[in-house]
Amino acid sequence: MKTEINYQKIGRNIKQARKDKKETQRAVAEYLNIQDTSYSNLECGHEKISLRRVIELCEHFEVLPGTILNDCTEKLFLLTQDEQKDTHPAGITEKQEIRELLQKCSLLSEEQVHFLVLLANQMALEKKKSKP
């Protein structure tokens, strides 16, 4: 089963974080150095959000990544047999390596690490789909 990221839910979480800080879309767009319409598209879920942008928003709103990424996945992620075969020389998958690196970040909870791994997995799947 593949993980699908629900960008509308992420957008709603971003909107709620912005409203909690009593800020306008324009103010946040200026902070991110993007157009108002681009920021509006993030909140509406019309635009995919990068991990870098999630981190920027977390810093700006002073929230943990789980606040932005809460409830954004539609299915549990399981490695396919092909993905399990795609291992590094050390015998760990790229996904395991990402998880281990994120767990070293003492500021992240296990749930937040899980969400970031899911986001990275989705980005990798989309990259695979775009290859000819």
# chains A, B, ... in the order shown; residues from 1 in each chain; ligands from 1
$ residues_around --residues "segment 28-44 of chain A" --least-positions-apart "4" --cutoff "9 Å" --atoms "only C-alpha atoms" --output "PyMOL selection string"
chain A and resi 7-15+18+23-24+48-49+53+56-57+60
$ write_last_selection --atoms "C-alpha atoms" --output "short mmCIF file (atom, residue, chain, number, x, y, z; two decimals), in the first residue's frame"
data_model
loop_
_atom_site.label_atom_id
_atom_site.label_comp_id
_atom_site.auth_asym_id
_atom_site.auth_seq_id
_atom_site.Cartn_x
_atom_site.Cartn_y
_atom_site.Cartn_z
CA TYR A 7 -2.21 18.48 0.85
CA GLN A 8 -5.64 19.96 1.63
CA LYS A 9 -5.32 18.73 5.23
CA ILE A 10 -1.82 20.17 5.46
CA GLY A 11 -3.20 23.44 4.10
CA ARG A 12 -5.97 23.49 6.71
CA ASN A 13 -3.38 22.89 9.43
CA ILE A 14 -1.26 25.75 8.09
CA LYS A 15 -4.30 28.02 7.98
CA ARG A 18 -1.72 31.19 10.97
CA GLU A 23 -1.61 36.80 11.08
CA THR A 24 -2.75 37.56 7.56
CA LYS A 48 2.50 20.75 -2.85
CA ILE A 49 4.62 21.88 0.06
CA ARG A 53 8.76 25.13 3.59
CA GLU A 56 10.08 27.50 7.73
CA LEU A 57 6.40 27.63 8.67
CA HIS A 60 7.52 31.17 11.99
#
$ residues_around --residues "Asn70 of chain A" --least-positions-apart "3" --cutoff "10 Å" --atoms "only C-alpha atoms" --output "list of chain:residue names"
A:Lys9, A:Ile10, A:Asn13, A:Pro65, A:Gly66, A:Thr67, A:Thr73, A:Glu111, A:Gln112, A:Phe115
$ write_last_selection --atoms "N, CA and C atoms" --output "PDB file, in the first residue's frame"
ATOM      1  N   LYS A   9      -5.382  18.795   3.766  1.00  0.00           N
ATOM      2  CA  LYS A   9      -5.319  18.734   5.231  1.00  0.00           C
ATOM      3  C   LYS A   9      -4.112  19.515   5.750  1.00  0.00           C
ATOM      4  N   ILE A  10      -2.997  19.397   5.064  1.00  0.00           N
ATOM      5  CA  ILE A  10      -1.820  20.174   5.461  1.00  0.00           C
ATOM      6  C   ILE A  10      -2.152  21.657   5.365  1.00  0.00           C
ATOM      7  N   ASN A  13      -4.207  22.783   8.223  1.00  0.00           N
ATOM      8  CA  ASN A  13      -3.377  22.895   9.429  1.00  0.00           C
ATOM      9  C   ASN A  13      -2.538  24.172   9.407  1.00  0.00           C
ATOM     10  N   PRO A  65       6.554  20.253  13.810  1.00  0.00           N
ATOM     11  CA  PRO A  65       6.107  19.756  12.501  1.00  0.00           C
ATOM     12  C   PRO A  65       4.798  18.966  12.560  1.00  0.00           C
ATOM     13  N   GLY A  66       4.568  18.262  13.660  1.00  0.00           N
ATOM     14  CA  GLY A  66       3.327  17.497  13.778  1.00  0.00           C
ATOM     15  C   GLY A  66       2.088  18.363  13.702  1.00  0.00           C
ATOM     16  N   THR A  67       2.207  19.625  14.082  1.00  0.00           N
ATOM     17  CA  THR A  67       1.078  20.550  14.006  1.00  0.00           C
ATOM     18  C   THR A  67       0.685  20.776  12.549  1.00  0.00           C
ATOM     19  N   THR A  73      -1.917  12.004   6.108  1.00  0.00           N
ATOM     20  CA  THR A  73      -1.731  10.814   5.289  1.00  0.00           C
ATOM     21  C   THR A  73      -3.024  10.028   5.201  1.00  0.00           C
ATOM     22  N   GLU A 111       6.372  10.486  16.457  1.00  0.00           N
ATOM     23  CA  GLU A 111       5.253  10.773  15.544  1.00  0.00           C
ATOM     24  C   GLU A 111       5.680  11.773  14.471  1.00  0.00           C
ATOM     25  N   GLN A 112       6.419  12.791  14.857  1.00  0.00           N
ATOM     26  CA  GLN A 112       6.871  13.796  13.903  1.00  0.00           C
ATOM     27  C   GLN A 112       7.874  13.195  12.919  1.00  0.00           C
ATOM     28  N   PHE A 115       5.877  11.326  10.335  1.00  0.00           N
ATOM     29  CA  PHE A 115       5.269  12.203   9.335  1.00  0.00           C
ATOM     30  C   PHE A 115       6.297  12.681   8.322  1.00  0.00           C
TER      31      PHE A 115
END
